[in-house]
Structures are given as C-alpha cells and as structure tokens.
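Source file: start31.txt (compact mmCIF, C-alpha atoms)
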```
# COMPACT_ATOMS: atom_id res chain seq x y z
CA VAL A 1 8.81 -34.11 -44.62
CA VAL A 2 10.87 -30.94 -44.34
CA THR A 3 9.63 -27.56 -45.53
CA LEU A 4 11.94 -25.19 -47.37
CA VAL A 5 10.66 -21.64 -47.76
CA GLU A 6 12.35 -19.13 -50.03
CA TYR A 7 11.67 -15.42 -49.79
CA GLY A 8 12.59 -14.20 -53.23
CA ASP A 9 12.43 -11.30 -55.64
CA PHE A 10 12.13 -12.26 -59.31
CA GLN A 11 14.34 -9.29 -60.30
CA CYS A 12 17.09 -10.10 -57.78
CA PRO A 13 20.31 -11.35 -59.46
CA ALA A 14 21.19 -13.48 -56.40
CA CYS A 15 17.75 -15.12 -56.51
CA ALA A 16 18.29 -15.90 -60.19
CA SER A 17 21.67 -17.44 -59.38
CA TYR A 18 20.07 -19.62 -56.66
CA TYR A 19 17.22 -20.64 -58.98
CA PRO A 20 19.11 -23.58 -60.64
CA ILE A 21 20.26 -24.79 -57.22
CA VAL A 22 16.68 -24.78 -55.93
CA GLU A 23 15.53 -26.58 -59.08
CA GLN A 24 18.23 -29.20 -58.55
CA LEU A 25 17.08 -29.67 -54.94
CA ILE A 26 13.45 -30.06 -55.94
CA SER A 27 14.40 -32.71 -58.50
CA SER A 28 16.73 -34.47 -56.03
CA TYR A 29 14.16 -34.95 -53.27
CA SER A 30 10.68 -36.40 -53.57
CA SER A 31 7.64 -34.28 -52.75
CA THR A 32 7.04 -36.62 -49.80
CA THR A 33 10.44 -35.59 -48.42
CA LEU A 34 10.78 -31.92 -49.37
CA ARG A 35 8.03 -29.33 -49.58
CA PHE A 36 9.20 -26.13 -51.31
CA ILE A 37 7.31 -22.88 -50.81
CA SER A 38 8.08 -19.69 -52.69
CA ARG A 39 7.17 -16.42 -50.96
CA HIS A 40 7.29 -12.98 -52.50
CA PHE A 41 9.74 -10.40 -51.21
CA PRO A 42 9.91 -7.74 -53.94
CA LEU A 43 12.60 -5.23 -53.04
CA ALA A 44 11.76 -1.54 -53.46
CA GLN A 45 14.90 -0.87 -55.55
CA HIS A 46 13.77 -3.42 -58.15
CA GLY A 47 11.11 -1.59 -60.16
CA ASN A 48 9.93 -4.69 -62.00
CA ALA A 49 9.90 -7.04 -58.99
CA MET A 50 6.31 -6.26 -57.99
CA PRO A 51 4.94 -6.62 -61.56
CA ALA A 52 6.87 -9.91 -61.90
CA ALA A 53 5.32 -11.17 -58.66
CA GLN A 54 1.90 -10.08 -59.98
CA ALA A 55 2.57 -12.00 -63.20
CA SER A 56 3.34 -15.16 -61.22
CA GLU A 57 0.13 -14.74 -59.22
CA ALA A 58 -1.91 -14.10 -62.38
CA ALA A 59 -0.42 -17.29 -63.87
CA ASP A 60 -1.29 -19.11 -60.64
CA LYS A 61 -4.96 -18.27 -61.21
CA GLN A 62 -4.68 -20.52 -64.28
CA GLY A 63 -2.63 -23.21 -62.55
CA LYS A 64 0.73 -22.14 -63.99
CA PHE A 65 2.55 -20.46 -61.09
CA TRP A 66 5.62 -22.69 -61.30
CA GLU A 67 5.83 -22.37 -65.08
CA MET A 68 5.78 -18.56 -64.78
CA TYR A 69 8.26 -18.74 -61.87
CA THR A 70 10.61 -20.62 -64.22
CA MET A 71 10.08 -18.18 -67.11
CA LEU A 72 10.75 -15.16 -64.87
CA TYR A 73 14.03 -16.49 -63.46
CA GLU A 74 15.32 -18.04 -66.68
CA ASN A 75 14.65 -14.85 -68.65
CA GLN A 76 15.43 -12.26 -65.96
CA LYS A 77 17.98 -10.43 -68.12
CA ASN A 78 15.29 -9.83 -70.78
CA TRP A 79 12.91 -7.92 -68.52
CA GLU A 80 14.77 -6.77 -65.39
CA ASN A 81 15.39 -3.21 -66.64
CA SER A 82 12.62 -3.05 -69.23
CA LYS A 83 10.17 -0.18 -69.31
CA THR A 84 7.69 -2.60 -70.90
CA ALA A 85 8.07 -5.55 -68.53
CA GLU A 86 4.31 -6.07 -68.31
CA ASN A 87 4.19 -6.64 -72.10
CA ILE A 88 7.04 -9.14 -71.77
CA PHE A 89 5.13 -10.94 -68.99
CA LEU A 90 2.04 -11.05 -71.22
CA GLY A 91 4.23 -12.71 -73.85
CA TYR A 92 5.29 -15.32 -71.28
CA ALA A 93 1.62 -15.90 -70.43
CA ARG A 94 0.94 -16.40 -74.15
CA ASP A 95 3.90 -18.83 -74.38
CA LEU A 96 2.46 -20.79 -71.44
CA GLY A 97 -0.90 -21.06 -73.18
CA LEU A 98 -2.73 -18.88 -70.67
CA ASP A 99 -5.94 -17.02 -71.43
CA GLU A 100 -4.54 -13.53 -72.12
CA SER A 101 -7.57 -11.49 -71.09
CA LYS A 102 -7.90 -13.46 -67.84
CA PHE A 103 -4.15 -13.03 -67.21
CA LEU A 104 -4.42 -9.25 -67.69
CA ALA A 105 -7.46 -9.02 -65.41
CA ASP A 106 -5.83 -11.21 -62.75
CA PHE A 107 -2.56 -9.25 -63.01
CA ASP A 108 -4.23 -6.23 -61.39
CA LEU A 109 -6.32 -8.06 -58.79
CA GLN A 110 -6.11 -6.49 -55.35
CA SER A 111 -6.18 -9.99 -53.83
CA ALA A 112 -2.94 -10.86 -55.68
CA LYS A 113 -1.28 -7.63 -54.53
CA ASP A 114 -2.47 -8.38 -50.99
CA LYS A 115 -0.96 -11.89 -51.13
CA ILE A 116 2.38 -10.45 -52.32
CA ASN A 117 2.31 -7.79 -49.59
CA ASN A 118 1.36 -10.37 -46.95
CA ASP A 119 4.28 -12.57 -48.04
CA TYR A 120 6.55 -9.52 -47.77
CA LYS A 121 5.24 -8.62 -44.30
CA SER A 122 5.68 -12.21 -43.09
CA GLY A 123 9.27 -12.05 -44.34
CA VAL A 124 9.97 -8.81 -42.49
CA LYS A 125 8.46 -10.33 -39.34
CA ALA A 126 10.69 -13.42 -39.78
CA GLY A 127 13.81 -11.24 -40.11
CA VAL A 128 14.25 -11.29 -43.89
CA ASN A 129 16.39 -8.33 -44.97
CA SER A 130 17.78 -9.58 -48.28
CA THR A 131 16.91 -12.00 -51.04
CA PRO A 132 16.97 -14.85 -51.34
CA THR A 133 16.40 -15.84 -47.73
CA PHE A 134 15.70 -19.47 -46.93
CA PHE A 135 14.03 -21.12 -43.96
CA LEU A 136 14.06 -24.85 -43.29
CA ASN A 137 11.25 -25.88 -40.95
CA ALA A 138 10.93 -22.21 -39.89
CA LYS A 139 14.67 -21.89 -39.07
CA LYS A 140 16.73 -19.45 -41.14
CA ILE A 141 19.52 -21.16 -43.08
CA GLN A 142 22.31 -19.68 -45.20
CA PRO A 143 23.43 -22.27 -47.73
CA ARG A 144 25.98 -21.14 -50.31
CA SER A 145 25.77 -24.06 -52.72
CA PHE A 146 23.80 -27.16 -53.66
CA ASP A 147 26.08 -29.23 -51.42
CA ASP A 148 25.38 -26.90 -48.47
CA PHE A 149 21.64 -27.30 -49.07
CA LYS A 150 21.96 -31.07 -49.39
CA THR A 151 23.91 -31.37 -46.13
CA ILE A 152 21.38 -29.20 -44.27
CA LEU A 153 18.40 -31.09 -45.75
CA ASP A 154 19.89 -34.52 -45.13
CA ASN A 155 20.63 -33.57 -41.52
CA ALA A 156 17.05 -32.33 -41.08
CA LEU A 157 15.74 -35.57 -42.58
CA GLY A 158 17.99 -37.63 -40.32
CA ALA A 159 19.66 -39.23 -43.34
```
Full structure transcribed into structure tokens:
Amino acid sequence: VVTLVEYGDFQCPACASYYPIVEQLISSYSSTTLRFISRHFPLAQHGNAMPAAQASEAADKQGKFWEMYTMLYENQKNWENSKTAENIFLGYARDLGLDESKFLADFDLQSAKDKINNDYKSGVKAGVNSTPTFFLNAKKIQPRSFDDFKTILDNALGA
C-alpha cells in the first residue's frame, strides 16, 4: 500500500483542476493499493477556503466528508467569491441529506477548526507553500498530469 496525501484548499483553482485527476487515480487503484488522504491547507487569500474546510468537516461528522469534498470542488465557481458561501454550503448539506441543524452546529465546532489548523501546521512543517501539494509515502512529489501520477505510483508499488 502506498499513501498519497494532498494538502489542498477547496477555493484554489489549481486544486479544482487536479480534483478530476485525483478522482481518476482513486478509481484506478484499489484501496488495498492506494490510500488517499486529504489535508486542509486553506490559503489566507481565499476568504471562503476556511468555511469550505469547515463545511467538509461538518459533513464528516455525519459520514459524508467525501461527498462534500466532491460538491465543493465540482461547484467551486458557484461559491468561491460568494458573500453567502455558508448558505451555499448549507444547501450542499441539504442536497447530501444531512441533518441541517447538526451541520450548522458542527460547522462552528472548535474541534473542527483545530483539525483544519493542525492540518495546515503539519503542511507548513512539511514544506507546503502552495496548493495542491502532494506527498507519496511522506515524500513530496510534483506530478503534472494523470500519467505523471500513474508513473510515480506504479514505481512506488514496484509495478
């Protein structure tokens, strides 16, 4: 098993452009071969990045992190510059069948904010200075395409 970690920012255009590549990777390798971990790295210049991360964590409290992750990236253009992004995220929660009052309560949990900040700090410590940044088995990699990823992963798997 190889572990691929992505430090991402839901509001980052580059992260959104890598999203389909990552999805393709996840569907191309079995979970016994590839473990994918998403870590939060909300950039200060992206005003809705932290609330988006909070939305993903609130969804996680109801077992729907990956579904919210998908909604946030696939609909980034709809909320990235919105003054009412939190309302949009509540709509996504509704679309995912989440308990709305629980989602709203969990959205503001200090523990969720702490997890996001701890992810960010671990990224800084690991040398992350832009998003997305990927690590394969704790080694920073810089793939530019699905084929780059596949080559790197296959080499790591000894294929």
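Closest approach to Trp79 (chain A) from the set A:Thr133, A:Ser31, A:Gln54, A:Asn48 is made by A:Asn48, with distances taken over all atoms listed in the file.
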Report as a Markdown table: every residue of region 6-89 of chain A with an atom at most 12 Å from region 101-117 of chain A, its closest pair of atoms, and their distance in Å to one decimal, counting all atoms listed in the file, with rows sorted by chain and ascending residue number.
```
| residue | atom | partner | partner_atom | distance |
| --- | --- | --- | --- | --- |
| A:Tyr7 | CA | A:Ile116 | CA | 10.8 |
| A:Gly8 | CA | A:Ile116 | CA | 10.9 |
| A:Asp9 | CA | A:Ile116 | CA | 10.6 |
| A:Ser38 | CA | A:Ile116 | CA | 10.9 |
| A:Arg39 | CA | A:Ile116 | CA | 7.8 |
| A:His40 | CA | A:Ile116 | CA | 5.5 |
| A:Phe41 | CA | A:Ile116 | CA | 7.4 |
| A:Pro42 | CA | A:Ile116 | CA | 8.2 |
| A:Leu43 | CA | A:Asn117 | CA | 11.2 |
| A:Ala44 | CA | A:Asn117 | CA | 12.0 |
| A:Ala49 | CA | A:Ile116 | CA | 10.6 |
| A:Met50 | CA | A:Ile116 | CA | 8.1 |
| A:Pro51 | CA | A:Phe107 | CA | 8.1 |
| A:Ala52 | CA | A:Phe107 | CA | 9.5 |
| A:Ala53 | CA | A:Ile116 | CA | 7.0 |
| A:Gln54 | CA | A:Phe107 | CA | 5.5 |
| A:Ala55 | CA | A:Phe107 | CA | 5.8 |
| A:Ser56 | CA | A:Phe107 | CA | 8.5 |
| A:Glu57 | CA | A:Ala112 | CA | 6.1 |
| A:Ala58 | CA | A:Asp106 | CA | 4.9 |
| A:Ala59 | CA | A:Phe103 | CA | 6.6 |
| A:Asp60 | CA | A:Asp106 | CA | 9.4 |
| A:Lys61 | CA | A:Asp106 | CA | 7.3 |
| A:Gln62 | CA | A:Phe103 | CA | 8.1 |
| A:Gly63 | CA | A:Phe103 | CA | 11.3 |
| A:Lys64 | CA | A:Phe103 | CA | 10.8 |
| A:Phe65 | CA | A:Phe103 | CA | 11.7 |
| A:Met68 | CA | A:Phe103 | CA | 11.6 |
| A:Glu86 | CA | A:Phe107 | CA | 9.2 |
| A:Asn87 | CA | A:Leu104 | CA | 10.0 |
| A:Phe89 | CA | A:Phe103 | CA | 9.7 |
```
Of A:Gln24, A:Val1, A:Tyr29, A:Glu6, the one sitting nearest Gly123 (chain A) when using only C-alpha atoms is A:Glu6
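The spacing separating CA of Glu80 (chain A) from CA of Leu136 (chain A) amounts to 28.6 Å.
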Would you compute, for all listed atoms of region 82-87 of chain A, the axis-aligned bounding box grown by 8 Å on each side, and then report its centre and edge lengths in Å rounded to one decimal, as AutoDock Vina command-line options?
```
--center_x 8.4 --center_y -3.4 --center_z -70.2 --size_x 24.4 --size_y 22.5 --size_z 19.8
```
Return as a tab-separated table the residues of region 4-31 of chain A lying at most 12 Å from region 153-158 of chain A, together with the closest atom-to-atom pair for each and the distance in Å to one decimal, counting all atoms listed in the file, with rows in chain order and ascending residue number.
```
residue	atom	partner	partner_atom	distance
A:Leu4	CA	A:Leu153	CA	8.9
A:Leu25	CA	A:Leu153	CA	9.4
A:Ile26	CA	A:Leu153	CA	11.4
A:Ser28	CA	A:Leu153	CA	10.9
A:Tyr29	CA	A:Leu153	CA	9.5
```
Store the residues of this selection in a file with C-alpha atoms, as a tab-separated table (two decimals), in the coordinates of the input.
```
chain	number	residue	atom	x	y	z
A	4	LEU	CA	11.94	-25.19	-47.37
A	25	LEU	CA	17.08	-29.67	-54.94
A	26	ILE	CA	13.45	-30.06	-55.94
A	28	SER	CA	16.73	-34.47	-56.03
A	29	TYR	CA	14.16	-34.95	-53.27
```
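For the atom pair formed by CA of Tyr69 (chain A) and CA of Leu96 (chain A), the distance is 11.4 Å, given to one decimal.
Taking CA of Trp66 (chain A) as the reference point, CA of Ile152 (chain A) is found at 24.1 Å.
Each of A:Gln45, A:Leu34, A:Gln142, A:Gln11 was compared to Asn78 (chain A) using only C-alpha atoms, and A:Gln11 turns out to be the nearest.
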Among A:Pro20, A:Val5, A:Val124, A:Gly47, Lys83 (chain A) is approached most closely, using only C-alpha atoms, by A:Gly47
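Once all atoms listed in the file are considered, the residues situated within 12 Å of the file point (23.2, -13.5, -57.0) turn out to be Gly8, Asp9, Phe10, Gln11, Cys12, Pro13, Ala14, Cys15, Ala16, Ser17, Tyr18, Tyr19, Pro20, Ile21, Tyr73, Gln76, Ser130, Thr131, Pro132, Thr133, Arg144 and Ser145 of chain A.
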Take the selection from the previous step and output its residues with C-alpha atoms, as a PDB file, keeping the file's coordinate frame.
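What landed in selection.pdb:
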```pdb
ATOM      1  CA  GLY A   8      12.590 -14.200 -53.230  1.00  0.00           C
ATOM      2  CA  ASP A   9      12.430 -11.300 -55.640  1.00  0.00           C
ATOM      3  CA  PHE A  10      12.130 -12.260 -59.310  1.00  0.00           C
ATOM      4  CA  GLN A  11      14.340  -9.290 -60.300  1.00  0.00           C
ATOM      5  CA  CYS A  12      17.090 -10.100 -57.780  1.00  0.00           C
ATOM      6  CA  PRO A  13      20.310 -11.350 -59.460  1.00  0.00           C
ATOM      7  CA  ALA A  14      21.190 -13.480 -56.400  1.00  0.00           C
ATOM      8  CA  CYS A  15      17.750 -15.120 -56.510  1.00  0.00           C
ATOM      9  CA  ALA A  16      18.290 -15.900 -60.190  1.00  0.00           C
ATOM     10  CA  SER A  17      21.670 -17.440 -59.380  1.00  0.00           C
ATOM     11  CA  TYR A  18      20.070 -19.620 -56.660  1.00  0.00           C
ATOM     12  CA  TYR A  19      17.220 -20.640 -58.980  1.00  0.00           C
ATOM     13  CA  PRO A  20      19.110 -23.580 -60.640  1.00  0.00           C
ATOM     14  CA  ILE A  21      20.260 -24.790 -57.220  1.00  0.00           C
ATOM     15  CA  TYR A  73      14.030 -16.490 -63.460  1.00  0.00           C
ATOM     16  CA  GLN A  76      15.430 -12.260 -65.960  1.00  0.00           C
ATOM     17  CA  SER A 130      17.780  -9.580 -48.280  1.00  0.00           C
ATOM     18  CA  THR A 131      16.910 -12.000 -51.040  1.00  0.00           C
ATOM     19  CA  PRO A 132      16.970 -14.850 -51.340  1.00  0.00           C
ATOM     20  CA  THR A 133      16.400 -15.840 -47.730  1.00  0.00           C
ATOM     21  CA  ARG A 144      25.980 -21.140 -50.310  1.00  0.00           C
ATOM     22  CA  SER A 145      25.770 -24.060 -52.720  1.00  0.00           C
TER      23      SER A 145
END
```
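Remark: for Asp148 (chain A), the closest of the candidate residues A:Ala85, A:Val22, A:Leu72, A:Val128 is A:Val22 (distances computed over all atoms listed in the file).
Nearest residue to Ser122 (chain A) among A:Glu100, A:Lys150, A:Ala138, A:Leu90 is A:Ala138, counting only C-alpha atoms.
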Incomplete region 101-112 of chain A filled out to all heavy atoms as a PDB file, keeping the file's coordinate frame:
```pdb
ATOM      1  N   SER A 101      -6.712 -12.493 -71.728  1.00  0.00           N
ATOM      2  CA  SER A 101      -7.570 -11.490 -71.090  1.00  0.00           C
ATOM      3  C   SER A 101      -7.738 -11.798 -69.605  1.00  0.00           C
ATOM      4  O   SER A 101      -7.757 -10.883 -68.779  1.00  0.00           O
ATOM      5  CB  SER A 101      -8.923 -11.377 -71.795  1.00  0.00           C
ATOM      6  OG  SER A 101      -9.551 -12.627 -71.856  1.00  0.00           O
ATOM      7  N   LYS A 102      -7.821 -13.076 -69.259  1.00  0.00           N
ATOM      8  CA  LYS A 102      -7.900 -13.460 -67.840  1.00  0.00           C
ATOM      9  C   LYS A 102      -6.585 -13.098 -67.136  1.00  0.00           C
ATOM     10  O   LYS A 102      -6.595 -12.566 -66.023  1.00  0.00           O
ATOM     11  CB  LYS A 102      -8.203 -14.957 -67.701  1.00  0.00           C
ATOM     12  CG  LYS A 102      -8.312 -15.394 -66.241  1.00  0.00           C
ATOM     13  CD  LYS A 102      -8.901 -16.777 -66.096  1.00  0.00           C
ATOM     14  CE  LYS A 102      -8.885 -17.314 -64.674  1.00  0.00           C
ATOM     15  NZ  LYS A 102      -9.020 -16.367 -63.589  1.00  0.00           N
ATOM     16  N   PHE A 103      -5.462 -13.366 -67.784  1.00  0.00           N
ATOM     17  CA  PHE A 103      -4.150 -13.030 -67.210  1.00  0.00           C
ATOM     18  C   PHE A 103      -4.078 -11.529 -66.916  1.00  0.00           C
ATOM     19  O   PHE A 103      -3.668 -11.127 -65.828  1.00  0.00           O
ATOM     20  CB  PHE A 103      -3.019 -13.459 -68.151  1.00  0.00           C
ATOM     21  CG  PHE A 103      -1.647 -13.080 -67.664  1.00  0.00           C
ATOM     22  CD1 PHE A 103      -0.973 -13.882 -66.763  1.00  0.00           C
ATOM     23  CD2 PHE A 103      -1.031 -11.906 -68.101  1.00  0.00           C
ATOM     24  CE1 PHE A 103       0.297 -13.534 -66.291  1.00  0.00           C
ATOM     25  CE2 PHE A 103       0.233 -11.548 -67.637  1.00  0.00           C
ATOM     26  CZ  PHE A 103       0.890 -12.368 -66.739  1.00  0.00           C
ATOM     27  N   LEU A 104      -4.471 -10.711 -67.876  1.00  0.00           N
ATOM     28  CA  LEU A 104      -4.420  -9.250 -67.690  1.00  0.00           C
ATOM     29  C   LEU A 104      -5.338  -8.793 -66.564  1.00  0.00           C
ATOM     30  O   LEU A 104      -4.960  -7.934 -65.763  1.00  0.00           O
ATOM     31  CB  LEU A 104      -4.762  -8.532 -68.998  1.00  0.00           C
ATOM     32  CG  LEU A 104      -3.703  -8.622 -70.087  1.00  0.00           C
ATOM     33  CD1 LEU A 104      -4.239  -8.077 -71.405  1.00  0.00           C
ATOM     34  CD2 LEU A 104      -2.436  -7.882 -69.670  1.00  0.00           C
ATOM     35  N   ALA A 105      -6.526  -9.370 -66.492  1.00  0.00           N
ATOM     36  CA  ALA A 105      -7.460  -9.020 -65.410  1.00  0.00           C
ATOM     37  C   ALA A 105      -6.900  -9.450 -64.063  1.00  0.00           C
ATOM     38  O   ALA A 105      -6.936  -8.688 -63.090  1.00  0.00           O
ATOM     39  CB  ALA A 105      -8.823  -9.659 -65.672  1.00  0.00           C
ATOM     40  N   ASP A 106      -6.364 -10.669 -64.010  1.00  0.00           N
ATOM     41  CA  ASP A 106      -5.830 -11.210 -62.750  1.00  0.00           C
ATOM     42  C   ASP A 106      -4.548 -10.493 -62.326  1.00  0.00           C
ATOM     43  O   ASP A 106      -4.242 -10.419 -61.135  1.00  0.00           O
ATOM     44  CB  ASP A 106      -5.568 -12.712 -62.881  1.00  0.00           C
ATOM     45  CG  ASP A 106      -6.860 -13.517 -63.017  1.00  0.00           C
ATOM     46  OD1 ASP A 106      -7.945 -12.982 -62.690  1.00  0.00           O
ATOM     47  OD2 ASP A 106      -6.771 -14.682 -63.455  1.00  0.00           O
ATOM     48  N   PHE A 107      -3.814  -9.961 -63.288  1.00  0.00           N
ATOM     49  CA  PHE A 107      -2.560  -9.250 -63.010  1.00  0.00           C
ATOM     50  C   PHE A 107      -2.803  -8.080 -62.045  1.00  0.00           C
ATOM     51  O   PHE A 107      -1.983  -7.808 -61.177  1.00  0.00           O
ATOM     52  CB  PHE A 107      -1.955  -8.736 -64.326  1.00  0.00           C
ATOM     53  CG  PHE A 107      -0.621  -8.067 -64.168  1.00  0.00           C
ATOM     54  CD1 PHE A 107       0.542  -8.819 -64.233  1.00  0.00           C
ATOM     55  CD2 PHE A 107      -0.525  -6.701 -63.952  1.00  0.00           C
ATOM     56  CE1 PHE A 107       1.792  -8.210 -64.081  1.00  0.00           C
ATOM     57  CE2 PHE A 107       0.713  -6.083 -63.806  1.00  0.00           C
ATOM     58  CZ  PHE A 107       1.873  -6.850 -63.873  1.00  0.00           C
ATOM     59  N   ASP A 108      -3.942  -7.414 -62.201  1.00  0.00           N
ATOM     60  CA  ASP A 108      -4.230  -6.230 -61.390  1.00  0.00           C
ATOM     61  C   ASP A 108      -5.153  -6.496 -60.204  1.00  0.00           C
ATOM     62  O   ASP A 108      -5.571  -5.554 -59.531  1.00  0.00           O
ATOM     63  CB  ASP A 108      -4.853  -5.140 -62.278  1.00  0.00           C
ATOM     64  CG  ASP A 108      -3.791  -4.430 -63.107  1.00  0.00           C
ATOM     65  OD1 ASP A 108      -2.702  -4.160 -62.560  1.00  0.00           O
ATOM     66  OD2 ASP A 108      -4.033  -4.175 -64.298  1.00  0.00           O
ATOM     67  N   LEU A 109      -5.441  -7.750 -59.919  1.00  0.00           N
ATOM     68  CA  LEU A 109      -6.320  -8.060 -58.790  1.00  0.00           C
ATOM     69  C   LEU A 109      -5.722  -7.579 -57.473  1.00  0.00           C
ATOM     70  O   LEU A 109      -4.551  -7.825 -57.182  1.00  0.00           O
ATOM     71  CB  LEU A 109      -6.548  -9.577 -58.675  1.00  0.00           C
ATOM     72  CG  LEU A 109      -7.537 -10.225 -59.624  1.00  0.00           C
ATOM     73  CD1 LEU A 109      -7.559 -11.733 -59.381  1.00  0.00           C
ATOM     74  CD2 LEU A 109      -8.926  -9.634 -59.439  1.00  0.00           C
ATOM     75  N   GLN A 110      -6.557  -6.924 -56.678  1.00  0.00           N
ATOM     76  CA  GLN A 110      -6.110  -6.490 -55.350  1.00  0.00           C
ATOM     77  C   GLN A 110      -5.742  -7.688 -54.484  1.00  0.00           C
ATOM     78  O   GLN A 110      -4.798  -7.632 -53.708  1.00  0.00           O
ATOM     79  CB  GLN A 110      -7.181  -5.628 -54.670  1.00  0.00           C
ATOM     80  CG  GLN A 110      -6.694  -4.959 -53.392  1.00  0.00           C
ATOM     81  CD  GLN A 110      -5.466  -4.074 -53.595  1.00  0.00           C
ATOM     82  OE1 GLN A 110      -5.430  -3.252 -54.499  1.00  0.00           O
ATOM     83  NE2 GLN A 110      -4.443  -4.250 -52.762  1.00  0.00           N
ATOM     84  N   SER A 111      -6.468  -8.793 -54.631  1.00  0.00           N
ATOM     85  CA  SER A 111      -6.180  -9.990 -53.830  1.00  0.00           C
ATOM     86  C   SER A 111      -4.768 -10.515 -54.096  1.00  0.00           C
ATOM     87  O   SER A 111      -4.092 -10.990 -53.177  1.00  0.00           O
ATOM     88  CB  SER A 111      -7.215 -11.074 -54.061  1.00  0.00           C
ATOM     89  OG  SER A 111      -7.233 -11.467 -55.419  1.00  0.00           O
ATOM     90  N   ALA A 112      -4.304 -10.420 -55.347  1.00  0.00           N
ATOM     91  CA  ALA A 112      -2.940 -10.860 -55.680  1.00  0.00           C
ATOM     92  C   ALA A 112      -1.924  -9.919 -55.046  1.00  0.00           C
ATOM     93  O   ALA A 112      -0.928 -10.370 -54.463  1.00  0.00           O
ATOM     94  CB  ALA A 112      -2.755 -10.922 -57.191  1.00  0.00           C
TER      95      ALA A 112
END
```
